[in-house]
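K.L.:
File work.csv below, CSV, N, CA and C atoms:
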```
chain,number,residue,atom,x,y,z
A,1,MET,N,39.2,-6.5,-44.9
A,1,MET,CA,39.2,-5.2,-45.5
A,1,MET,C,40.2,-5.2,-46.7
A,2,SER,N,39.8,-4.9,-47.9
A,2,SER,CA,40.7,-4.9,-49.0
A,2,SER,C,41.7,-3.7,-48.9
A,3,LYS,N,42.7,-3.8,-49.7
A,3,LYS,CA,43.7,-2.7,-49.7
A,3,LYS,C,43.1,-1.4,-50.2
A,4,LYS,N,42.2,-1.5,-51.2
A,4,LYS,CA,41.6,-0.3,-51.7
A,4,LYS,C,40.7,0.4,-50.7
A,5,VAL,N,40.0,-0.3,-49.9
A,5,VAL,CA,39.1,0.2,-48.9
A,5,VAL,C,40.0,0.8,-47.8
A,6,ARG,N,41.0,0.1,-47.4
A,6,ARG,CA,41.9,0.6,-46.4
A,6,ARG,C,42.6,1.9,-46.8
A,7,ALA,N,43.0,2.0,-48.1
A,7,ALA,CA,43.6,3.2,-48.6
A,7,ALA,C,42.6,4.3,-48.6
A,8,LEU,N,41.4,4.1,-49.0
A,8,LEU,CA,40.3,5.1,-49.0
A,8,LEU,C,40.1,5.6,-47.6
A,9,ILE,N,40.0,4.7,-46.6
A,9,ILE,CA,39.8,5.1,-45.3
A,9,ILE,C,40.9,6.0,-44.7
A,10,ILE,N,42.2,5.5,-45.0
A,10,ILE,CA,43.3,6.3,-44.5
A,10,ILE,C,43.4,7.7,-45.2
A,11,ILE,N,43.3,7.7,-46.5
A,11,ILE,CA,43.4,9.0,-47.2
A,11,ILE,C,42.3,9.9,-46.8
A,12,THR,N,41.1,9.4,-46.7
A,12,THR,CA,39.9,10.3,-46.2
A,12,THR,C,40.2,10.7,-44.8
A,13,GLY,N,40.7,9.8,-44.0
A,13,GLY,CA,41.0,10.2,-42.6
A,13,GLY,C,42.0,11.3,-42.5
A,14,LEU,N,43.0,11.2,-43.3
A,14,LEU,CA,44.0,12.3,-43.4
A,14,LEU,C,43.4,13.6,-43.8
A,15,VAL,N,42.6,13.6,-44.9
A,15,VAL,CA,42.0,14.8,-45.4
A,15,VAL,C,41.1,15.4,-44.3
A,16,ILE,N,40.2,14.6,-43.7
A,16,ILE,CA,39.3,15.2,-42.7
A,16,ILE,C,40.0,15.6,-41.5
A,17,PHE,N,41.0,14.8,-41.0
A,17,PHE,CA,41.7,15.1,-39.8
A,17,PHE,C,42.4,16.5,-39.9
A,18,PHE,N,43.2,16.6,-41.0
A,18,PHE,CA,44.0,17.9,-41.1
A,18,PHE,C,43.2,19.1,-41.5
A,19,SER,N,42.2,18.9,-42.3
A,19,SER,CA,41.4,20.1,-42.7
A,19,SER,C,40.6,20.6,-41.6
A,20,TRP,N,40.0,19.7,-40.8
A,20,TRP,CA,39.2,20.1,-39.6
A,20,TRP,C,40.1,20.5,-38.4
A,21,GLY,N,41.3,20.0,-38.4
A,21,GLY,CA,42.3,20.5,-37.4
A,21,GLY,C,42.6,21.9,-37.7
A,22,PHE,N,42.8,22.2,-38.9
A,22,PHE,CA,43.1,23.6,-39.3
A,22,PHE,C,41.9,24.5,-39.0
A,23,ARG,N,40.7,24.0,-39.3
A,23,ARG,CA,39.5,24.8,-39.0
A,23,ARG,C,39.4,25.1,-37.5
A,24,LEU,N,39.7,24.1,-36.7
A,24,LEU,CA,39.7,24.4,-35.2
A,24,LEU,C,40.7,25.4,-34.9
A,25,TYR,N,41.9,25.4,-35.5
A,25,TYR,CA,42.9,26.4,-35.3
A,25,TYR,C,42.4,27.8,-35.7
A,26,VAL,N,41.8,27.9,-36.8
A,26,VAL,CA,41.2,29.2,-37.3
A,26,VAL,C,40.1,29.7,-36.3
A,27,LEU,N,39.3,28.7,-35.9
A,27,LEU,CA,38.3,29.1,-34.9
A,27,LEU,C,38.9,29.7,-33.6
A,28,TYR,N,39.9,29.0,-33.2
A,28,TYR,CA,40.6,29.5,-32.0
A,28,TYR,C,41.2,30.9,-32.2
A,29,LEU,N,41.8,31.2,-33.3
A,29,LEU,CA,42.3,32.5,-33.6
A,29,LEU,C,41.3,33.6,-33.6
A,30,HIS,N,40.1,33.3,-34.1
A,30,HIS,CA,39.1,34.3,-34.3
A,30,HIS,C,37.9,34.1,-33.4
A,31,TRP,N,38.1,33.5,-32.3
A,31,TRP,CA,37.0,33.2,-31.3
A,31,TRP,C,36.4,34.5,-30.9
A,32,GLY,N,35.0,34.5,-30.9
A,32,GLY,CA,34.3,35.7,-30.4
A,32,GLY,C,33.8,36.6,-31.5
A,33,ASN,N,34.3,36.5,-32.7
A,33,ASN,CA,33.9,37.4,-33.8
A,33,ASN,C,32.7,37.0,-34.6
A,34,ASP,N,32.2,35.8,-34.3
A,34,ASP,CA,31.1,35.2,-35.1
A,34,ASP,C,30.0,34.8,-34.1
A,35,PRO,N,28.7,35.1,-34.3
A,35,PRO,CA,27.7,34.7,-33.4
A,35,PRO,C,27.5,33.1,-33.5
A,36,PHE,N,27.9,32.5,-34.5
A,36,PHE,CA,27.7,31.1,-34.7
A,36,PHE,C,28.9,30.2,-34.4
A,37,MET,N,29.8,30.8,-33.5
A,37,MET,CA,31.1,30.1,-33.2
A,37,MET,C,30.8,28.7,-32.5
A,38,THR,N,29.9,28.6,-31.6
A,38,THR,CA,29.7,27.4,-30.9
A,38,THR,C,29.2,26.3,-31.8
A,39,PRO,N,28.2,26.5,-32.7
A,39,PRO,CA,27.9,25.4,-33.6
A,39,PRO,C,29.0,25.0,-34.6
A,40,HIS,N,29.7,26.0,-35.0
A,40,HIS,CA,30.9,25.8,-35.9
A,40,HIS,C,31.9,25.0,-35.2
A,41,ALA,N,32.2,25.3,-33.9
A,41,ALA,CA,33.2,24.5,-33.1
A,41,ALA,C,32.7,23.1,-32.9
A,42,ALA,N,31.4,22.9,-32.6
A,42,ALA,CA,30.9,21.6,-32.4
A,42,ALA,C,31.0,20.7,-33.7
A,43,VAL,N,30.7,21.2,-34.8
A,43,VAL,CA,30.9,20.5,-36.1
A,43,VAL,C,32.3,20.2,-36.3
A,44,ALA,N,33.2,21.2,-36.0
A,44,ALA,CA,34.6,21.0,-36.3
A,44,ALA,C,35.2,19.9,-35.3
A,45,VAL,N,34.8,19.9,-34.1
A,45,VAL,CA,35.2,18.8,-33.2
A,45,VAL,C,34.7,17.5,-33.6
A,46,ILE,N,33.5,17.4,-34.0
A,46,ILE,CA,32.9,16.1,-34.4
A,46,ILE,C,33.7,15.6,-35.7
A,47,SER,N,33.9,16.5,-36.6
A,47,SER,CA,34.6,16.1,-37.9
A,47,SER,C,36.0,15.7,-37.6
A,48,PHE,N,36.7,16.5,-36.7
A,48,PHE,CA,38.0,16.1,-36.3
A,48,PHE,C,38.1,14.7,-35.7
A,49,ALA,N,37.1,14.4,-34.9
A,49,ALA,CA,37.0,13.1,-34.2
A,49,ALA,C,36.8,12.0,-35.3
A,50,ILE,N,36.0,12.3,-36.3
A,50,ILE,CA,35.7,11.4,-37.4
A,50,ILE,C,37.0,11.1,-38.1
A,51,GLY,N,37.8,12.1,-38.4
A,51,GLY,CA,39.1,11.9,-39.1
A,51,GLY,C,40.0,11.1,-38.2
A,52,ALA,N,40.1,11.3,-36.9
A,52,ALA,CA,40.9,10.5,-36.0
A,52,ALA,C,40.4,9.0,-36.0
A,53,PHE,N,39.1,8.8,-36.0
A,53,PHE,CA,38.6,7.5,-36.1
A,53,PHE,C,38.9,6.8,-37.4
A,54,LEU,N,38.8,7.5,-38.5
A,54,LEU,CA,39.1,6.9,-39.8
A,54,LEU,C,40.6,6.5,-39.8
A,55,LEU,N,41.5,7.3,-39.3
A,55,LEU,CA,42.9,7.0,-39.3
A,55,LEU,C,43.1,5.7,-38.4
A,56,SER,N,42.5,5.7,-37.2
A,56,SER,CA,42.7,4.5,-36.4
A,56,SER,C,42.1,3.2,-37.0
A,57,MET,N,41.0,3.4,-37.7
A,57,MET,CA,40.4,2.2,-38.4
A,57,MET,C,41.2,1.8,-39.5
A,58,GLY,N,41.8,2.7,-40.3
A,58,GLY,CA,42.7,2.3,-41.4
A,58,GLY,C,43.9,1.7,-40.9
A,59,ILE,N,44.5,2.1,-39.8
A,59,ILE,CA,45.7,1.4,-39.2
A,59,ILE,C,45.4,0.0,-38.8
A,60,ARG,N,44.2,-0.2,-38.1
A,60,ARG,CA,43.8,-1.5,-37.6
A,60,ARG,C,43.6,-2.4,-38.8
A,61,GLY,N,43.0,-2.0,-39.9
A,61,GLY,CA,42.8,-2.8,-41.1
A,61,GLY,C,41.8,-3.9,-40.9
A,62,SER,N,42.3,-5.1,-41.0
A,62,SER,CA,41.4,-6.3,-41.0
A,62,SER,C,40.9,-6.6,-39.6
A,63,LYS,N,41.5,-6.0,-38.6
A,63,LYS,CA,41.0,-6.2,-37.2
A,63,LYS,C,39.8,-5.4,-36.8
A,64,SER,N,39.2,-4.7,-37.8
A,64,SER,CA,38.0,-3.9,-37.6
A,64,SER,C,36.8,-4.8,-37.3
A,65,THR,N,36.0,-4.4,-36.3
A,65,THR,CA,34.8,-5.2,-35.9
A,65,THR,C,33.6,-4.6,-36.6
A,66,ARG,N,32.5,-5.3,-36.4
A,66,ARG,CA,31.2,-4.9,-36.9
A,66,ARG,C,30.8,-3.5,-36.3
A,67,ARG,N,31.2,-3.3,-35.1
A,67,ARG,CA,30.9,-2.0,-34.4
A,67,ARG,C,31.7,-0.9,-35.1
A,68,ASP,N,32.9,-1.1,-35.5
A,68,ASP,CA,33.7,-0.1,-36.2
A,68,ASP,C,33.0,0.3,-37.5
A,69,TYR,N,32.5,-0.7,-38.2
A,69,TYR,CA,31.8,-0.4,-39.5
A,69,TYR,C,30.5,0.3,-39.3
A,70,THR,N,29.8,0.0,-38.1
A,70,THR,CA,28.6,0.8,-37.8
A,70,THR,C,29.0,2.2,-37.5
A,71,ILE,N,30.0,2.5,-36.8
A,71,ILE,CA,30.5,3.8,-36.5
A,71,ILE,C,30.9,4.5,-37.8
A,72,LEU,N,31.6,3.8,-38.7
A,72,LEU,CA,32.0,4.3,-40.0
A,72,LEU,C,30.7,4.8,-40.8
A,73,THR,N,29.7,3.9,-40.8
A,73,THR,CA,28.5,4.3,-41.5
A,73,THR,C,27.8,5.5,-40.9
A,74,GLY,N,27.8,5.6,-39.6
A,74,GLY,CA,27.2,6.8,-39.0
A,74,GLY,C,28.0,8.1,-39.3
A,75,ALA,N,29.4,7.9,-39.2
A,75,ALA,CA,30.2,9.1,-39.6
A,75,ALA,C,30.1,9.5,-41.0
A,76,ALA,N,29.9,8.5,-41.9
A,76,ALA,CA,29.7,8.9,-43.3
A,76,ALA,C,28.4,9.6,-43.5
A,77,LEU,N,27.3,9.1,-42.8
A,77,LEU,CA,26.0,9.8,-42.9
A,77,LEU,C,26.1,11.2,-42.4
A,78,PHE,N,26.8,11.4,-41.3
A,78,PHE,CA,27.0,12.8,-40.8
A,78,PHE,C,27.7,13.6,-41.8
A,79,THR,N,28.7,13.1,-42.4
A,79,THR,CA,29.5,13.9,-43.4
A,79,THR,C,28.7,14.2,-44.6
A,80,VAL,N,27.9,13.3,-45.1
A,80,VAL,CA,27.1,13.5,-46.3
A,80,VAL,C,26.0,14.5,-46.0
A,81,LEU,N,25.3,14.4,-44.8
A,81,LEU,CA,24.2,15.3,-44.5
A,81,LEU,C,24.7,16.7,-44.2
A,82,TRP,N,25.8,16.8,-43.5
A,82,TRP,CA,26.4,18.1,-43.1
A,82,TRP,C,26.8,18.9,-44.4
A,83,TRP,N,27.6,18.2,-45.3
A,83,TRP,CA,28.1,18.9,-46.5
A,83,TRP,C,27.0,19.0,-47.5
A,84,GLY,N,25.9,18.2,-47.5
A,84,GLY,CA,24.8,18.4,-48.4
A,84,GLY,C,24.0,19.6,-48.0
A,85,PHE,N,23.9,19.8,-46.6
A,85,PHE,CA,23.2,21.0,-46.1
A,85,PHE,C,24.1,22.3,-46.5
A,86,ARG,N,25.4,22.1,-46.4
A,86,ARG,CA,26.3,23.2,-46.7
A,86,ARG,C,26.2,23.6,-48.2
A,87,ALA,N,26.2,22.5,-49.1
A,87,ALA,CA,26.1,22.8,-50.5
A,87,ALA,C,24.8,23.5,-50.9
A,88,ILE,N,23.7,23.0,-50.3
A,88,ILE,CA,22.4,23.7,-50.5
A,88,ILE,C,22.4,25.1,-50.1
A,89,LYS,N,23.0,25.4,-48.9
A,89,LYS,CA,23.1,26.7,-48.4
A,89,LYS,C,23.9,27.6,-49.4
A,90,VAL,N,25.0,27.1,-49.9
A,90,VAL,CA,25.8,27.9,-50.8
A,90,VAL,C,25.1,28.1,-52.1
A,91,LEU,N,24.4,27.1,-52.6
A,91,LEU,CA,23.6,27.2,-53.9
A,91,LEU,C,22.5,28.2,-53.8
A,92,LEU,N,21.8,28.2,-52.7
A,92,LEU,CA,20.6,29.0,-52.5
A,92,LEU,C,20.9,30.5,-52.1
A,93,HIS,N,22.0,30.6,-51.3
A,93,HIS,CA,22.4,32.0,-50.8
A,93,HIS,C,23.9,32.2,-51.0
A,94,PRO,N,24.3,32.3,-52.3
A,94,PRO,CA,25.8,32.5,-52.5
A,94,PRO,C,26.3,33.9,-52.0
A,95,GLU,N,25.4,34.9,-51.9
A,95,GLU,CA,25.8,36.2,-51.4
A,95,GLU,C,26.2,36.2,-49.9
A,96,SER,N,25.7,35.3,-49.2
A,96,SER,CA,26.0,35.2,-47.7
A,96,SER,C,27.3,34.5,-47.4
A,97,ASP,N,27.9,33.9,-48.5
A,97,ASP,CA,29.1,33.1,-48.3
A,97,ASP,C,30.3,33.9,-48.8
A,98,PRO,N,31.4,34.0,-48.0
A,98,PRO,CA,32.6,34.8,-48.4
A,98,PRO,C,33.3,34.2,-49.6
A,99,ASN,N,33.2,32.9,-49.8
A,99,ASN,CA,33.9,32.2,-51.0
A,99,ASN,C,33.0,31.1,-51.5
A,100,PRO,N,31.9,31.4,-52.2
A,100,PRO,CA,31.0,30.3,-52.6
A,100,PRO,C,31.6,29.2,-53.5
A,101,THR,N,32.4,29.6,-54.4
A,101,THR,CA,32.9,28.6,-55.3
A,101,THR,C,33.8,27.6,-54.6
A,102,ALA,N,34.7,28.0,-53.8
A,102,ALA,CA,35.6,27.1,-53.0
A,102,ALA,C,34.7,26.3,-52.1
A,103,HIS,N,33.7,26.8,-51.4
A,103,HIS,CA,32.9,26.1,-50.5
A,103,HIS,C,32.0,25.1,-51.2
A,104,LEU,N,31.6,25.4,-52.4
A,104,LEU,CA,30.8,24.4,-53.2
A,104,LEU,C,31.7,23.2,-53.6
A,105,HIS,N,33.0,23.5,-54.0
A,105,HIS,CA,33.9,22.5,-54.4
A,105,HIS,C,34.2,21.6,-53.2
A,106,LEU,N,34.4,22.2,-52.0
A,106,LEU,CA,34.6,21.4,-50.8
A,106,LEU,C,33.4,20.6,-50.5
A,107,SER,N,32.3,21.1,-50.6
A,107,SER,CA,31.0,20.3,-50.3
A,107,SER,C,30.9,19.1,-51.2
A,108,VAL,N,31.2,19.3,-52.5
A,108,VAL,CA,31.1,18.2,-53.4
A,108,VAL,C,32.2,17.1,-53.1
A,109,LEU,N,33.4,17.6,-52.8
A,109,LEU,CA,34.5,16.6,-52.4
A,109,LEU,C,34.1,15.8,-51.2
A,110,PHE,N,33.6,16.5,-50.1
A,110,PHE,CA,33.2,15.7,-48.9
A,110,PHE,C,32.0,14.9,-49.1
A,111,ILE,N,31.0,15.3,-50.0
A,111,ILE,CA,29.9,14.5,-50.2
A,111,ILE,C,30.3,13.2,-50.9
A,112,VAL,N,31.2,13.3,-51.9
A,112,VAL,CA,31.7,12.1,-52.6
A,112,VAL,C,32.5,11.2,-51.7
A,113,LEU,N,33.4,11.8,-50.8
A,113,LEU,CA,34.1,10.9,-49.9
A,113,LEU,C,33.2,10.3,-48.9
A,114,GLY,N,32.2,11.0,-48.4
A,114,GLY,CA,31.2,10.5,-47.5
A,114,GLY,C,30.4,9.3,-48.1
A,115,ALA,N,30.0,9.5,-49.4
A,115,ALA,CA,29.3,8.4,-50.0
A,115,ALA,C,30.1,7.2,-50.2
A,116,LEU,N,31.4,7.3,-50.5
A,116,LEU,CA,32.3,6.2,-50.6
A,116,LEU,C,32.5,5.5,-49.3
A,117,LEU,N,32.6,6.3,-48.2
A,117,LEU,CA,32.8,5.7,-46.9
A,117,LEU,C,31.5,5.1,-46.4
A,118,LEU,N,30.3,5.6,-46.8
A,118,LEU,CA,29.1,5.0,-46.5
A,118,LEU,C,29.0,3.6,-47.1
A,119,THR,N,29.4,3.5,-48.4
A,119,THR,CA,29.3,2.3,-49.1
A,119,THR,C,30.3,1.3,-48.4
A,120,ALA,N,31.5,1.7,-48.1
A,120,ALA,CA,32.5,0.8,-47.5
A,120,ALA,C,32.0,0.4,-46.1
A,121,GLY,N,31.4,1.3,-45.3
A,121,GLY,CA,30.9,0.9,-44.0
A,121,GLY,C,29.7,-0.1,-44.1
A,122,TRP,N,28.8,0.2,-45.0
A,122,TRP,CA,27.7,-0.7,-45.2
A,122,TRP,C,28.1,-2.1,-45.6
A,123,GLN,N,29.0,-2.2,-46.6
A,123,GLN,CA,29.4,-3.5,-47.1
A,123,GLN,C,30.3,-4.2,-46.0
A,124,GLY,N,31.1,-3.5,-45.3
A,124,GLY,CA,32.0,-4.1,-44.2
A,124,GLY,C,31.1,-4.5,-43.1
A,125,ARG,N,30.1,-3.8,-42.8
A,125,ARG,CA,29.2,-4.2,-41.7
A,125,ARG,C,28.4,-5.5,-42.0
A,126,ASN,N,28.1,-5.6,-43.2
A,126,ASN,CA,27.4,-6.9,-43.6
A,126,ASN,C,28.3,-8.0,-43.8
A,127,ARG,N,29.6,-7.8,-44.0
A,127,ARG,CA,30.6,-8.8,-44.3
A,127,ARG,C,31.2,-9.4,-43.1
A,128,VAL,N,31.4,-8.5,-42.0
A,128,VAL,CA,32.1,-9.0,-40.8
A,128,VAL,C,31.2,-9.9,-40.0
A,129,SER,N,31.8,-11.0,-39.5
A,129,SER,CA,31.1,-11.9,-38.7
A,129,SER,C,30.8,-11.3,-37.3
A,130,THR,N,29.7,-11.7,-36.6
A,130,THR,CA,29.4,-11.1,-35.3
A,130,THR,C,30.1,-11.7,-34.2
A,131,SER,N,30.9,-12.7,-34.4
A,131,SER,CA,31.6,-13.4,-33.3
A,131,SER,C,32.9,-12.7,-32.9
```
Can you present the structure in this file as structure tokens?
P.N.:
Amino acid sequence: MSKKVRALIIITGLVIFFSWGFRLYVLYLHWGNDPFMTPHAAVAVISFAIGAFLLSMGIRGSKSTRRDYTILTGAALFTVLWWGFRAIKVLLHPESDPNPTAHLHLSVLFIVLGALLLTAGWQGRNRVSTS
């Protein structure tokens, strides 16, 4: 794993880990006020776990296995699909979103980070030996 890829994985892991950790905290504070709390909490827990995985993979560096890159590819796909859905929802129905501009910017940021992670995961998966 090159230093650039490792830096990308660590920085993205930090962004995802802390942003979704904060989201879990906000969900905890306002639990019960939203009918969609359970799906929001599920996505927050999954994304928080993705951030933790990225941090652990970035720390391991060159010791990452093919399985790690496969998980990275799956996590990146989840990130791109979830935030793509979120961006489409904000673009089509901005009146239902409390802060559409900020959420659209977040969506674009996470789609770009997810695409970069998808590329890194796919290339790493094909580059790592199976032994």
K.L.:
Please identify all polymer residues within 6.5 Å of region 107-113 of chain A, counting all atoms listed in the file, omitting same-chain residues fewer than 6 positions from it, and present them as JSON, numbers by chain.
P.N.:
{"A": [79, 80, 83, 84, 86, 87]}
K.L.:
Hey, which of A:Ala115, A:Thr38, A:Leu91, A:Arg6 ends up closest to Gly58 (chain A)? Count all atoms listed in the file.
P.N.:
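The shortest atom-to-atom distance to Gly58 (chain A) comes from A:Arg6.
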K.L.:
Tell me, counting all atoms listed in the file, for each residue of region 25-76 of chain A within 6.5 Å of region 120-127 of chain A, which pair of atoms is nearest and how far apart they are in Å to one decimal, in rows ordered by chain and increasing number, as CSV.
P.N.:
```
residue,atom,partner,partner_atom,distance
A:Arg66,CA,A:Arg125,CA,5.2
A:Tyr69,C,A:Gly121,CA,4.8
A:Thr70,N,A:Arg125,CA,5.6
A:Leu72,C,A:Gly121,CA,5.0
A:Thr73,N,A:Gly121,CA,4.5
```
K.L.:
In Å to one decimal, how far is atom N of Gly61 (chain A) from CA of Ser2 (chain A)?
P.N.:
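Distance reported for this atom pair: 9.8 Å.
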K.L.:
Work out how far CA of Phe17 (chain A) is from CA of Pro94 (chain A), in Å to one decimal.
P.N.:
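Distance reported for this atom pair: 26.8 Å.
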K.L.:
Which is closest to Leu24 (chain A) among A:Ala7, A:Ile59, A:Ala44, A:Met37, if we use only C-alpha atoms?
P.N.:
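Of A:Ala7, A:Ile59, A:Ala44, A:Met37, the one nearest Leu24 (chain A), counting only C-alpha atoms, is A:Ala44.
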K.L.:
Rounded to one decimal in Å, what is the spacing between CA of Asp97 (chain A) and CA of Trp31 (chain A)?
P.N.:
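Spanning CA of Asp97 (chain A) to CA of Trp31 (chain A) is a straight-line distance of 18.7 Å.
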K.L.:
Which is closer to Gly114 (chain A) than all the others in A:Ser56, A:Thr65, A:Ser47, A:Ser19, using only C-alpha atoms?
P.N.:
A:Ser47
K.L.:
Near Leu54 (chain A), counting all atoms listed in the file, which residues have an atom at most 8 Å away, once you skip same-chain residues fewer than 2 positions from it, shown as a ChimeraX atom specification?
P.N.:
/A:8-14,48-52,56-60,72
